[in-house]
>>> print(open('protein_25.tsv').read())   # TSV, C-alpha atoms (C1' of nucleotides)
chain	number	residue	atom	x	y	z
I	618	MET	CA	-31.16	-8.23	11.19
I	619	LYS	CA	-28.26	-10.56	11.43
I	620	ASP	CA	-29.70	-13.44	9.52
I	621	GLY	CA	-27.16	-16.17	10.14
I	622	ALA	CA	-26.61	-15.11	13.71
I	623	ASN	CA	-30.15	-14.64	14.94
I	624	ARG	CA	-32.02	-17.21	12.92
I	625	LYS	CA	-34.42	-19.07	15.15
I	626	ARG	CA	-33.61	-22.74	15.58
I	627	SER	CA	-36.18	-25.44	16.17
I	628	ARG	CA	-33.50	-28.16	16.44
I	629	PRO	CA	-32.08	-29.14	19.81
I	630	PRO	CA	-28.33	-28.65	20.30
I	631	ALA	CA	-26.20	-31.04	18.24
I	632	PRO	CA	-25.28	-34.10	20.30
I	633	HIS	CA	-21.51	-33.72	20.11
I	634	SER	CA	-20.97	-30.06	20.96
I	635	HIS	CA	-19.39	-29.15	24.29
I	636	PRO	CA	-21.00	-26.68	26.69
I	637	TRP	CA	-18.28	-24.12	25.93
I	638	GLN	CA	-19.17	-24.38	22.26
I	639	ARG	CA	-22.82	-23.62	23.04
I	640	ARG	CA	-21.56	-20.67	25.10
I	641	LEU	CA	-19.44	-19.35	22.23
I	642	LEU	CA	-22.31	-19.79	19.77
I	643	ARG	CA	-24.62	-17.87	22.09
I	644	TRP	CA	-21.98	-15.14	22.44
I	645	PHE	CA	-21.69	-14.91	18.66
I	646	ARG	CA	-25.43	-14.64	18.14
I	647	GLY	CA	-25.49	-11.77	20.60
I	648	HIS	CA	-22.35	-9.96	19.48
I	649	ALA	CA	-22.09	-10.59	15.74
I	650	ARG	CA	-21.47	-7.41	13.79
I	651	ASP	CA	-24.19	-6.42	11.37
I	652	LEU	CA	-22.37	-6.92	8.08
I	653	PRO	CA	-23.83	-6.69	4.56
I	654	TRP	CA	-23.03	-10.31	3.73
I	655	ARG	CA	-24.74	-11.47	6.92
I	656	ARG	CA	-28.00	-9.97	5.68
I	657	THR	CA	-28.26	-12.38	2.79
I	658	ARG	CA	-28.39	-16.11	2.19
I	659	ASP	CA	-27.43	-15.77	-1.46
I	660	PRO	CA	-24.46	-18.15	-1.79
I	661	TYR	CA	-23.03	-16.04	-4.59
I	662	ALA	CA	-22.98	-12.88	-2.48
I	663	ILE	CA	-21.42	-14.73	0.44
I	664	TRP	CA	-18.78	-16.16	-1.87
I	665	VAL	CA	-17.91	-12.68	-3.17
I	666	SER	CA	-17.58	-11.42	0.40
I	667	GLU	CA	-15.28	-14.29	1.39
I	668	VAL	CA	-12.97	-13.58	-1.51
I	669	MET	CA	-12.89	-9.86	-0.73
I	670	LEU	CA	-12.10	-10.63	2.90
I	671	GLN	CA	-9.01	-12.66	2.09
I	672	GLN	CA	-6.20	-10.74	3.77
I	673	THR	CA	-8.46	-7.71	3.76
I	674	GLN	CA	-10.17	-6.00	6.66
I	675	VAL	CA	-13.96	-5.83	6.90
I	676	ALA	CA	-14.19	-2.04	6.77
I	677	THR	CA	-12.10	-1.95	3.59
I	678	ALA	CA	-14.21	-4.57	1.84
I	679	ILE	CA	-17.70	-3.17	2.54
I	680	PRO	CA	-17.88	-0.43	-0.14
I	681	TYR	CA	-16.34	-2.76	-2.71
I	682	PHE	CA	-18.91	-5.43	-1.83
I	683	HIS	CA	-21.84	-3.08	-2.48
I	684	ARG	CA	-20.44	-1.82	-5.77
I	685	PHE	CA	-19.60	-5.33	-6.95
I	686	LEU	CA	-23.00	-6.84	-6.12
I	687	THR	CA	-24.80	-3.91	-7.72
I	688	ARG	CA	-22.91	-4.29	-10.97
I	689	PHE	CA	-22.70	-8.12	-10.91
I	690	PRO	CA	-25.77	-9.34	-8.99
I	691	THR	CA	-25.52	-12.98	-10.10
I	692	VAL	CA	-22.99	-15.60	-11.12
I	693	ARG	CA	-24.15	-15.28	-14.70
I	694	ALA	CA	-23.80	-11.49	-14.68
I	695	LEU	CA	-20.24	-11.83	-13.46
I	696	ALA	CA	-19.45	-14.59	-15.95
I	697	ALA	CA	-20.72	-12.45	-18.83
I	698	ALA	CA	-18.63	-9.40	-17.89
I	699	SER	CA	-15.23	-8.58	-19.32
I	700	LEU	CA	-12.18	-9.15	-17.15
I	701	ASP	CA	-11.31	-5.48	-17.58
I	702	GLU	CA	-14.56	-4.41	-15.98
I	703	VAL	CA	-14.13	-6.85	-13.10
I	704	LEU	CA	-10.62	-5.53	-12.47
I	705	ALA	CA	-11.90	-1.97	-12.60
I	706	LEU	CA	-14.34	-2.70	-9.77
I	707	TRP	CA	-11.55	-4.40	-7.85
I	708	SER	CA	-9.24	-1.45	-8.37
I	709	GLY	CA	-7.58	-0.46	-5.09
I	710	LEU	CA	-8.54	-3.62	-3.23
I	711	GLY	CA	-5.29	-5.45	-3.95
I	712	TYR	CA	-4.33	-9.06	-4.60
I	713	TYR	CA	-5.75	-8.81	-8.09
I	714	ALA	CA	-5.46	-12.53	-8.78
I	715	ARG	CA	-8.55	-12.78	-6.57
I	716	ALA	CA	-10.58	-10.85	-9.14
I	717	ARG	CA	-9.28	-12.91	-12.04
I	718	ASN	CA	-10.06	-16.15	-10.22
I	719	LEU	CA	-13.51	-14.93	-9.17
I	720	HIS	CA	-14.30	-14.14	-12.79
I	721	ALA	CA	-12.91	-17.47	-14.04
I	722	ALA	CA	-14.80	-19.44	-11.39
I	723	ALA	CA	-18.06	-17.68	-12.31
I	724	GLN	CA	-17.55	-18.73	-15.91
I	725	VAL	CA	-17.02	-22.35	-14.84
I	726	MET	CA	-20.21	-22.18	-12.75
I	727	ALA	CA	-22.14	-20.67	-15.66
I	728	THR	CA	-20.95	-23.40	-18.02
I	729	HIS	CA	-20.84	-26.50	-15.84
I	730	HIS	CA	-22.99	-25.83	-12.75
I	731	ALA	CA	-26.13	-24.18	-14.16
I	732	GLY	CA	-24.95	-20.77	-12.98
I	733	GLU	CA	-24.86	-21.83	-9.34
I	734	LEU	CA	-22.25	-22.72	-6.76
I	735	PRO	CA	-21.65	-26.48	-6.62
I	736	ARG	CA	-22.94	-27.86	-3.34
I	737	ASP	CA	-20.07	-30.08	-2.28
I	738	LEU	CA	-16.59	-29.43	-0.98
I	739	GLU	CA	-14.65	-31.30	-3.67
I	740	ALA	CA	-16.33	-29.44	-6.50
I	741	LEU	CA	-15.74	-26.12	-4.74
I	742	ARG	CA	-12.06	-26.87	-4.24
I	743	ALA	CA	-11.69	-27.53	-7.97
I	744	LEU	CA	-12.70	-23.94	-8.83
I	745	PRO	CA	-10.14	-21.17	-9.34
I	746	GLY	CA	-9.55	-19.18	-6.17
I	747	PHE	CA	-11.11	-21.77	-3.85
I	748	GLY	CA	-8.39	-22.79	-1.42
I	749	PRO	CA	-8.97	-24.64	1.86
I	750	TYR	CA	-10.28	-21.61	3.72
I	751	THR	CA	-12.64	-20.28	1.05
I	752	ALA	CA	-14.06	-23.74	0.32
I	753	GLY	CA	-14.72	-24.20	4.04
I	754	ALA	CA	-16.24	-20.75	4.41
I	755	VAL	CA	-18.51	-20.93	1.37
I	756	GLY	CA	-19.37	-24.55	2.17
I	757	SER	CA	-20.39	-23.90	5.75
I	758	ILE	CA	-21.72	-20.32	5.67
I	759	ALA	CA	-23.30	-20.19	2.22
I	760	LEU	CA	-24.26	-23.81	1.56
I	761	GLY	CA	-24.85	-25.19	5.07
I	762	LEU	CA	-22.31	-28.01	4.82
I	763	ASP	CA	-20.82	-29.43	8.03
I	764	VAL	CA	-17.24	-28.50	7.18
I	765	PRO	CA	-14.52	-26.70	9.16
I	766	LEU	CA	-12.43	-23.69	8.24
I	767	VAL	CA	-9.19	-22.21	9.51
I	768	ASP	CA	-8.02	-18.66	8.93
I	769	GLY	CA	-5.55	-16.56	10.90
I	770	ASN	CA	-8.13	-15.88	13.61
I	771	VAL	CA	-9.17	-19.49	14.07
I	772	ALA	CA	-5.56	-20.68	14.16
I	773	ARG	CA	-4.74	-18.13	16.86
I	774	VAL	CA	-7.85	-18.85	18.94
I	775	LEU	CA	-7.36	-22.61	18.89
I	776	CYS	CA	-3.62	-22.29	19.52
I	777	ARG	CA	-4.37	-20.33	22.69
I	778	ILE	CA	-7.21	-22.52	23.91
I	779	GLU	CA	-5.06	-25.62	23.45
I	780	GLY	CA	-1.87	-23.94	24.64
I	781	TRP	CA	0.17	-25.15	21.66
I	782	GLU	CA	3.80	-24.14	21.98
I	783	SER	CA	4.16	-23.73	18.23
I	784	GLY	CA	4.61	-20.99	15.64
I	785	ALA	CA	1.97	-19.62	13.30
I	786	GLU	CA	2.68	-22.13	10.55
I	787	GLU	CA	2.45	-25.25	12.66
I	788	SER	CA	-0.50	-23.89	14.62
I	789	ARG	CA	-2.42	-23.46	11.40
I	790	ALA	CA	-1.86	-27.09	10.43
I	791	ARG	CA	-2.87	-28.39	13.84
I	792	ALA	CA	-5.87	-26.08	13.85
I	793	TRP	CA	-7.34	-27.79	10.78
I	794	GLU	CA	-7.41	-31.08	12.59
I	795	ARG	CA	-8.87	-29.58	15.75
I	796	ALA	CA	-11.42	-27.48	13.85
I	797	GLY	CA	-12.61	-30.60	12.06
I	798	ALA	CA	-13.32	-32.26	15.40
I	799	LEU	CA	-15.13	-29.18	16.72
I	800	VAL	CA	-17.59	-28.62	13.85
I	801	VAL	CA	-21.06	-28.19	15.29
I	802	VAL	CA	-23.36	-30.36	13.22
I	803	ASP	CA	-26.06	-28.40	11.38
I	804	GLU	CA	-24.62	-25.12	12.68
I	805	ALA	CA	-21.18	-25.17	11.12
I	806	GLY	CA	-21.62	-21.77	9.47
I	807	ASP	CA	-22.41	-19.95	12.69
I	808	TRP	CA	-19.85	-21.97	14.61
I	809	ASN	CA	-17.08	-21.13	12.16
I	810	GLN	CA	-18.05	-17.46	12.16
I	811	ALA	CA	-18.14	-17.51	15.96
I	812	LEU	CA	-14.53	-18.68	16.10
I	813	MET	CA	-13.45	-16.01	13.62
I	814	GLU	CA	-15.47	-13.28	15.31
I	815	LEU	CA	-13.92	-14.18	18.65
I	816	GLY	CA	-10.45	-13.87	17.14
I	817	GLN	CA	-11.31	-10.57	15.51
I	818	ALA	CA	-13.06	-8.89	18.44
I	819	VAL	CA	-11.68	-10.48	21.62
I	820	CYS	CA	-8.82	-12.89	21.09
I	821	THR	CA	-6.78	-10.40	19.10
I	822	ALA	CA	-3.17	-10.90	18.10
I	823	LYS	CA	-1.52	-8.35	20.36
I	824	ALA	CA	-3.83	-7.52	23.23
I	825	PRO	CA	-6.42	-10.24	23.87
I	826	ALA	CA	-9.35	-9.07	26.01
I	827	CYS	CA	-9.61	-12.17	28.16
I	828	GLY	CA	-11.93	-10.36	30.55
I	829	ARG	CA	-14.62	-10.38	27.86
I	830	CYS	CA	-13.93	-13.87	26.54
I	831	PRO	CA	-16.68	-16.49	26.75
I	832	VAL	CA	-14.11	-19.28	26.40
I	833	ARG	CA	-11.70	-18.11	29.07
I	834	PRO	CA	-12.35	-21.01	31.48
I	835	GLU	CA	-11.27	-23.44	28.75
I	836	CYS	CA	-8.21	-21.47	27.61
I	837	LEU	CA	-4.82	-22.89	28.51
I	838	ALA	CA	-2.89	-19.81	27.33
I	839	ALA	CA	-5.02	-17.53	29.53
I	840	GLU	CA	-4.54	-19.86	32.45
I	841	ARG	CA	-0.78	-19.59	31.98
I	842	GLY	CA	-1.12	-15.80	32.02
I	843	ASP	CA	0.58	-14.97	28.73
I	844	PRO	CA	-1.98	-15.49	25.95
I	845	ALA	CA	-0.48	-12.78	23.71
I	846	THR	CA	2.66	-14.85	23.23
I	847	TYR	CA	0.65	-17.56	21.40
I	848	PRO	CA	1.35	-18.53	18.69
I	849	LEU	CA	5.10	-18.10	18.94
I	850	ALA	CA	6.44	-15.23	16.83
I	851	ARG	CA	8.80	-15.96	13.98
I	852	PRO	CA	11.30	-13.57	12.40
I	853	ARG	CA	10.05	-11.41	9.56
I	854	ALA	CA	11.54	-11.50	6.09
I	855	GLU	CA	13.25	-8.29	5.13
I	856	ARG	CA	11.40	-5.94	2.81
I	857	ARG	CA	13.12	-5.41	-0.52
I	858	HIS	CA	13.29	-2.00	-2.11
I	859	LEU	CA	12.12	-1.29	-5.66
I	860	ARG	CA	12.73	1.97	-7.54
I	861	PHE	CA	10.99	3.04	-10.73
I	862	VAL	CA	10.82	6.05	-12.96
I	863	ALA	CA	7.39	6.68	-14.52
I	864	LEU	CA	6.80	8.82	-17.59
I	865	ALA	CA	3.73	10.92	-18.28
I	866	PHE	CA	3.32	11.42	-22.06
I	867	PHE	CA	0.41	13.73	-22.80
I	868	ASP	CA	-1.69	14.13	-25.93
I	869	GLY	CA	-3.84	17.10	-25.00
I	870	PRO	CA	-5.80	15.98	-21.92
I	871	ARG	CA	-5.09	12.31	-22.57
I	872	VAL	CA	-2.16	10.45	-21.03
I	873	LEU	CA	-0.34	7.34	-22.23
I	874	LEU	CA	-1.00	4.25	-20.12
I	875	VAL	CA	0.35	0.74	-20.61
I	876	ARG	CA	-0.96	-2.54	-19.32
I	877	ARG	CA	1.33	-4.60	-17.13
I	878	GLU	CA	2.10	-8.21	-17.96
I	879	ARG	CA	-0.31	-10.97	-17.01
I	880	LYS	CA	1.93	-12.29	-14.24
I	881	GLY	CA	3.74	-10.78	-11.29
I	882	LEU	CA	3.27	-7.55	-9.42
I	883	PHE	CA	0.08	-5.62	-10.33
I	884	ALA	CA	-0.56	-8.17	-13.09
I	885	GLY	CA	-2.82	-6.95	-15.88
I	886	LEU	CA	-3.33	-3.49	-14.39
I	887	TRP	CA	-2.77	-0.16	-16.14
I	888	GLU	CA	-0.06	2.35	-15.24
I	889	LEU	CA	2.21	5.05	-16.61
I	890	PRO	CA	5.08	3.64	-18.69
I	891	ALA	CA	7.81	2.85	-16.19
I	892	ALA	CA	11.33	1.52	-15.94
I	893	GLU	CA	13.01	-0.03	-12.95
I	894	ILE	CA	16.22	1.60	-11.77
I	895	GLY	CA	18.70	0.14	-9.34
I	896	PRO	CA	19.42	1.65	-5.92
I	897	GLU	CA	22.18	3.80	-7.43
I	898	GLY	CA	20.41	4.62	-10.70
I	899	GLN	CA	19.99	8.26	-11.75
I	900	ALA	CA	16.28	8.74	-12.23
I	901	SER	CA	16.43	11.80	-14.47
I	902	ARG	CA	18.92	10.15	-16.81
I	903	VAL	CA	16.86	6.99	-17.21
I	904	ALA	CA	13.69	9.05	-17.59
I	905	LEU	CA	15.23	11.10	-20.38
I	906	ARG	CA	16.43	8.01	-22.21
I	907	VAL	CA	13.00	6.35	-22.06
I	908	ALA	CA	11.23	9.59	-22.97
I	909	ARG	CA	13.38	10.02	-26.11
I	910	SER	CA	12.86	6.43	-27.18
I	911	PHE	CA	9.11	7.07	-27.25
I	912	ALA	CA	8.88	10.72	-28.28
I	913	GLY	CA	12.04	11.55	-30.21
I	914	MET	CA	15.44	13.00	-29.39
I	915	ASP	CA	14.19	16.53	-28.68
I	916	ALA	CA	11.98	15.38	-25.78
I	917	THR	CA	12.69	16.77	-22.30
I	918	VAL	CA	11.49	15.66	-18.86
I	919	GLU	CA	10.30	17.56	-15.80
I	920	PRO	CA	10.33	15.78	-12.39
I	921	ALA	CA	7.13	15.54	-10.30
I	922	ALA	CA	6.66	14.63	-6.64
I	923	ILE	CA	8.12	11.26	-5.62
I	924	VAL	CA	5.57	8.59	-4.65
I	925	ARG	CA	6.18	5.87	-2.06
I	926	GLN	CA	4.16	2.77	-1.21
I	927	THR	CA	4.88	0.06	1.33
I	928	LEU	CA	3.67	-3.45	0.57
I	929	THR	CA	4.10	-6.50	2.75
I	930	HIS	CA	7.28	-7.63	1.01
I	931	ARG	CA	8.23	-4.53	-0.94
I	932	GLU	CA	9.12	-0.91	-0.42
I	933	VAL	CA	8.30	0.78	-3.72
I	934	THR	CA	9.47	4.24	-4.80
I	935	VAL	CA	8.24	5.84	-8.01
I	936	GLU	CA	9.87	8.98	-9.42
I	937	PRO	CA	7.44	10.42	-11.96
I	938	PHE	CA	8.41	12.75	-14.83
I	939	VAL	CA	6.28	14.76	-17.21
I	940	VAL	CA	7.52	14.56	-20.79
I	941	GLN	CA	7.58	17.54	-23.15
I	942	GLY	CA	8.04	16.71	-26.80
I	943	ARG	CA	6.19	15.54	-29.84
I	944	ARG	CA	3.40	13.00	-29.45
I	945	ALA	CA	4.71	9.62	-28.34
I	946	ARG	CA	4.14	6.46	-30.36
I	947	PRO	CA	2.09	4.15	-28.09
I	948	PRO	CA	3.66	0.72	-27.63
I	949	PRO	CA	1.54	-2.35	-28.53
I	950	GLN	CA	0.18	-2.78	-24.99
I	951	GLY	CA	-0.44	0.95	-24.46
I	952	ARG	CA	-2.87	3.69	-25.44
I	953	PHE	CA	-3.76	7.28	-24.68
I	954	VAL	CA	-6.49	7.50	-22.06
I	955	ALA	CA	-8.76	10.41	-21.18
I	956	PRO	CA	-9.12	11.28	-17.46
I	957	GLN	CA	-12.80	10.31	-17.41
I	958	GLU	CA	-11.89	6.83	-18.70
I	959	LEU	CA	-9.68	6.09	-15.71
I	960	ALA	CA	-12.55	4.90	-13.53
I	961	SER	CA	-13.22	2.04	-15.97
I	962	LEU	CA	-9.65	0.72	-15.92
I	963	GLY	CA	-7.91	-1.50	-13.38
I	964	LEU	CA	-5.43	0.74	-11.57
I	965	SER	CA	-3.41	-0.08	-8.48
I	966	SER	CA	-3.38	2.40	-5.63
I	967	LEU	CA	0.25	3.08	-6.46
I	968	ALA	CA	-0.64	3.91	-10.08
I	969	THR	CA	-3.44	6.20	-8.90
I	970	LYS	CA	-1.06	8.03	-6.57
I	971	THR	CA	1.50	8.38	-9.35
I	972	LEU	CA	-1.10	9.79	-11.72
I	973	ARG	CA	-2.07	12.31	-9.08
I	974	ALA	CA	1.59	13.35	-8.77
I	975	VAL	CA	1.61	14.36	-12.43
I	976	GLY	CA	-1.68	16.23	-12.10
I	977	ILE	CA	-4.23	13.61	-13.13
I	978	CYS	CA	-7.09	12.76	-10.76
I	979	ALA	CA	-8.89	9.49	-11.34
I	980	ALA	CA	-12.48	10.17	-10.28
I	981	GLY	CA	-13.71	7.83	-7.58
I	982	LYS	CA	-10.28	6.40	-6.89
I	983	ARG	CA	-8.16	6.92	-3.84
R	209	DA	C1'	7.75	-25.63	2.03
R	210	DA	C1'	8.67	-21.17	0.43
R	211	DC	C1'	7.62	-17.36	-2.04
R	212	DG	C1'	4.94	-13.67	-4.52
R	213	DC	C1'	1.04	-11.05	-4.33
R	214	DG	C1'	-1.89	-5.02	-2.20
R	215	DG	C1'	-3.43	-2.17	0.63
R	216	DG	C1'	-5.33	-0.07	4.70
R	217	DG	C1'	-5.65	0.52	9.66
R	218	DC	C1'	-3.80	0.80	14.00
R	219	DA	C1'	-0.64	0.86	18.27
S	1469	DT	C1'	7.05	2.76	11.35
S	1470	DG	C1'	5.98	-2.29	12.13
S	1471	DC	C1'	2.63	-5.50	12.15
S	1472	DC	C1'	-1.67	-7.62	11.19
S	1473	DC	C1'	-5.45	-9.05	8.43
S	1474	DA	C1'	-12.14	-13.89	6.80
S	1475	DG	C1'	-5.46	-16.81	1.71
S	1476	DC	C1'	-4.34	-18.64	-2.94
S	1477	DG	C1'	-1.41	-20.22	-6.72
S	1478	DT	C1'	3.08	-21.31	-8.31
S	1479	DT	C1'	7.49	-23.35	-7.99
>>> encode(input="protein_25.tsv", output="structure tokens")
Amino acid sequence: MKDGANRKRSRPPAPHSHPWQRRLLRWFRGHARDLPWRRTRDPYAIWVSEVMLQQTQVATAIPYFHRFLTRFPTVRALAAASLDEVLALWSGLGYYARARNLHAAAQVMATHHAGELPRDLEALRALPGFGPYTAGAVGSIALGLDVPLVDGNVARVLCRIEGWESGAEESRARAWERAGALVVVDEAGDWNQALMELGQAVCTAKAPACGRCPVRPECLAAERGDPATYPLARPRAERRHLRFVALAFFDGPRVLLVRRERKGLFAGLWELPAAEIGPEGQASRVALRVARSFAGMDATVEPAAIVRQTLTHREVTVEPFVVQGRRARPPPQGRFVAPQELASLGLSSLATKTLRAVGICAAGKR
DNA sequence: AACGCGGGGCA
DNA sequence: TGCCCAGCGTT
């Protein structure tokens, strides 16, 4: 059952909600998807889901949500875990700062909030990883506070209803003000989810299904006949290209992995030793130089299949090489890892693909 | 205010 | 392929 959506209400409608808001709430309670985090009222579980859903689609998050809650069922369980284990469960989900902040916030809750989520907006906002959206979402959905939220969906929906002739950035700012005025007292959680669900299922970015929209009579953009043009598009930043060589040093079945630095791209995750090469760099030459610095001057390298990955702001190419030579000396931040250990390490999808290119399959990883 | 940060799904 | 998505932290 969809707990938040279908919960029976004994209260009459809040005094300040408009008829179209009641209509949208009714639509939501009839159309809400049956999602794992809607089957619970555990604030901790709802918090985890909100973090996973940042810039991440529902279908992608679901299996991660189940695994995470099984391994870390409570704030205290998460707080007591090692960061490495948290990152391992996050492996493949992306935006790894989310996992570090989730872990850090759980430790603050364990120490200063009796192992529970603080029940007011200011205290939530003070926690790592709680920005305006997440504080609003956890506050309204998990804790029942009468607070608004704005995400990409809500900004788009309100921009269209109001007919704002503004771009995404400005629409988002205006949406916060409007959303604050629209909060449905005592039902903010369902109301906020209704706005988001409408944006996800009906009022989509490219092809809004106005024929199925419960708010169409109130929508200025629909009335003007061109809702898809709201909010105004802005030019995209160009994607920069990154090239790396990656080296696979073997010691029997084990392979040398190094941990990336704590900041920047793929921070704190494990990968094959790699070196960036410029657009004109000769991969085999750089690979040979790096290989010999680790494994002696008689080392040779054999190229493997090139791996490509597109990120929002980056086009990454990795040219992997298998090294033949005497056993490499692991650098301080590196060690030889057996294949069966890979599942317990934080690996990016790119690192997993690169490992596969040199013949190593990380069980349970894409 | 702008930028860096993953990855998957879909037209 | 280009674009979008239940954003946050740093500079």
>>> atom_distance(input="protein_25.tsv", atom1="CA of Asp915 (chain I)", atom2="CA of Pro890 (chain I)")
18.7 Å
>>> interface_residues(input="protein_25.tsv", of="chain R", to="chain I", cutoff="9 Å", atoms="all atoms listed in the file", output="list of chain:residue names")
R:DG212, R:DC213, R:DG214, R:DG215, R:DG216, R:DG217
>>> residues_around(input="protein_25.tsv", residues="Arg909 (chain I)", least_positions_apart="4", cutoff="10 Å", atoms="all atoms listed in the file", output="PyMOL selection string")
chain I and resi 904-905+913-918+940-943+945
>>> closest_residue(input="protein_25.tsv", among="I:His730, I:Arg829, I:Arg717, I:Arg944", to="chain S", atoms="all atoms listed in the file")
I:Arg717
>>> atom_distance(input="protein_25.tsv", atom1="CA of Asn718 (chain I)", atom2="CA of Pro745 (chain I)")
5.1 Å
>>> closest_atom_pairs(input="protein_25.tsv", of="chain I", to="chain S", cutoff="10 Å", atoms="only C-alpha atoms (C1' of nucleotides)", output="CSV")
residue,atom,partner,partner_atom,distance
I:Ser666,CA,S:DA1474,C1',8.8
I:Glu667,CA,S:DA1474,C1',6.3
I:Val668,CA,S:DA1474,C1',8.4
I:Met669,CA,S:DA1474,C1',8.6
I:Leu670,CA,S:DA1474,C1',5.1
I:Gln671,CA,S:DG1475,C1',5.5
I:Gln672,CA,S:DC1473,C1',5.0
I:Thr673,CA,S:DC1473,C1',5.7
I:Gln674,CA,S:DC1473,C1',5.9
I:Val675,CA,S:DA1474,C1',8.3
I:Tyr712,CA,S:DC1476,C1',9.7
I:Ala714,CA,S:DC1476,C1',8.5
I:Arg715,CA,S:DC1476,C1',8.1
I:Asn718,CA,S:DC1476,C1',9.6
I:Pro745,CA,S:DC1476,C1',9.0
I:Gly746,CA,S:DC1476,C1',6.2
I:Phe747,CA,S:DC1476,C1',7.5
I:Gly748,CA,S:DC1476,C1',6.0
I:Pro749,CA,S:DG1475,C1',8.6
I:Tyr750,CA,S:DG1475,C1',7.1
I:Thr751,CA,S:DG1475,C1',8.0
I:Ala754,CA,S:DA1474,C1',8.3
I:Leu766,CA,S:DA1474,C1',9.9
I:Val767,CA,S:DA1474,C1',9.2
I:Asp768,CA,S:DA1474,C1',6.7
I:Gly769,CA,S:DC1473,C1',7.9
I:Asn770,CA,S:DA1474,C1',8.1
I:Val771,CA,S:DA1474,C1',9.6
I:Gln810,CA,S:DA1474,C1',8.7
I:Met813,CA,S:DA1474,C1',7.3
I:Glu814,CA,S:DA1474,C1',9.2
I:Gln817,CA,S:DC1473,C1',9.3
I:Thr821,CA,S:DC1472,C1',9.8
I:Ala822,CA,S:DC1472,C1',7.8
I:Lys823,CA,S:DC1472,C1',9.2
I:Arg853,CA,S:DC1471,C1',9.8
I:Thr929,CA,S:DC1471,C1',9.6
>>> closest_residue(input="protein_25.tsv", among="I:Asp868, I:Asp659, I:Glu804, I:Glu936", to="His633 (chain I)", atoms="all atoms listed in the file")
I:Glu804
>>> residues_around(input="protein_25.tsv", residues="Phe938 (chain I)", least_positions_apart="6", cutoff="12 Å", atoms="only C-alpha atoms (C1' of nucleotides)", output="ChimeraX atom specification")
/I:861-867,889-892,900-908,916-924,971-976
>>> atom_distance(input="protein_25.tsv", atom1="CA of Arg639 (chain I)", atom2="CA of Asp737 (chain I)")
26.3 Å
>>> residues_near_point(input="protein_25.tsv", point="(-18.6, -30.8, -0.6)", cutoff="12 Å", atoms="all atoms listed in the file", output="JSON, numbers by chain")
{"I": [734, 735, 736, 737, 738, 739, 740, 741, 742, 743, 749, 752, 753, 754, 755, 756, 757, 759, 760, 761, 762, 763, 764, 765]}
>>> closest_residue(input="protein_25.tsv", among="I:Tyr661, I:Trp781, I:Trp887, I:Tyr681", to="Ala722 (chain I)", atoms="all atoms listed in the file")
I:Tyr661
>>> axis_aligned_box(input="protein_25.tsv", around="chain R", padding_each_side="8 Å", output="AutoDock Vina command-line options")
--center_x 1.5 --center_y -12.4 --center_z 6.9 --size_x 30.3 --size_y 42.5 --size_z 38.8
>>> residues_around(input="protein_25.tsv", residues="Glu835 (chain I)", least_positions_apart="6", cutoff="9 Å", atoms="only C-alpha atoms (C1' of nucleotides)", output="PyMOL selection string")
chain I and resi 637+778-779
>>> closest_residue(input="protein_25.tsv", among="I:Ala772, I:Val801, I:Leu959, I:Leu652", to="Cys820 (chain I)", atoms="all atoms listed in the file")
I:Ala772
>>> decode(input="protein_25.tsv", residues="region 780-797 of chain I", atoms="C-alpha atoms", output="compact mmCIF listing (two decimals), in the first residue's frame")
# COMPACT_ATOMS: atom_id res chain seq x y z
CA GLY I 780 3.75 31.19 -17.27
CA TRP I 781 7.09 32.65 -16.16
CA GLU I 782 9.15 33.80 -19.12
CA SER I 783 12.40 32.87 -17.41
CA GLY I 784 15.18 30.31 -17.68
CA ALA I 785 15.73 27.31 -15.45
CA GLU I 786 17.89 29.17 -12.95
CA GLU I 787 15.54 32.06 -12.34
CA SER I 788 12.49 29.79 -12.38
CA ARG I 789 13.99 27.76 -9.58
CA ALA I 790 14.46 30.84 -7.41
CA ARG I 791 10.94 32.09 -8.05
CA ALA I 792 9.58 28.60 -7.45
CA TRP I 793 10.85 28.59 -3.87
CA GLU I 794 8.79 31.65 -3.08
CA ARG I 795 5.70 30.29 -4.82
CA ALA I 796 6.08 26.83 -3.29
CA GLY I 797 6.25 28.40 0.16
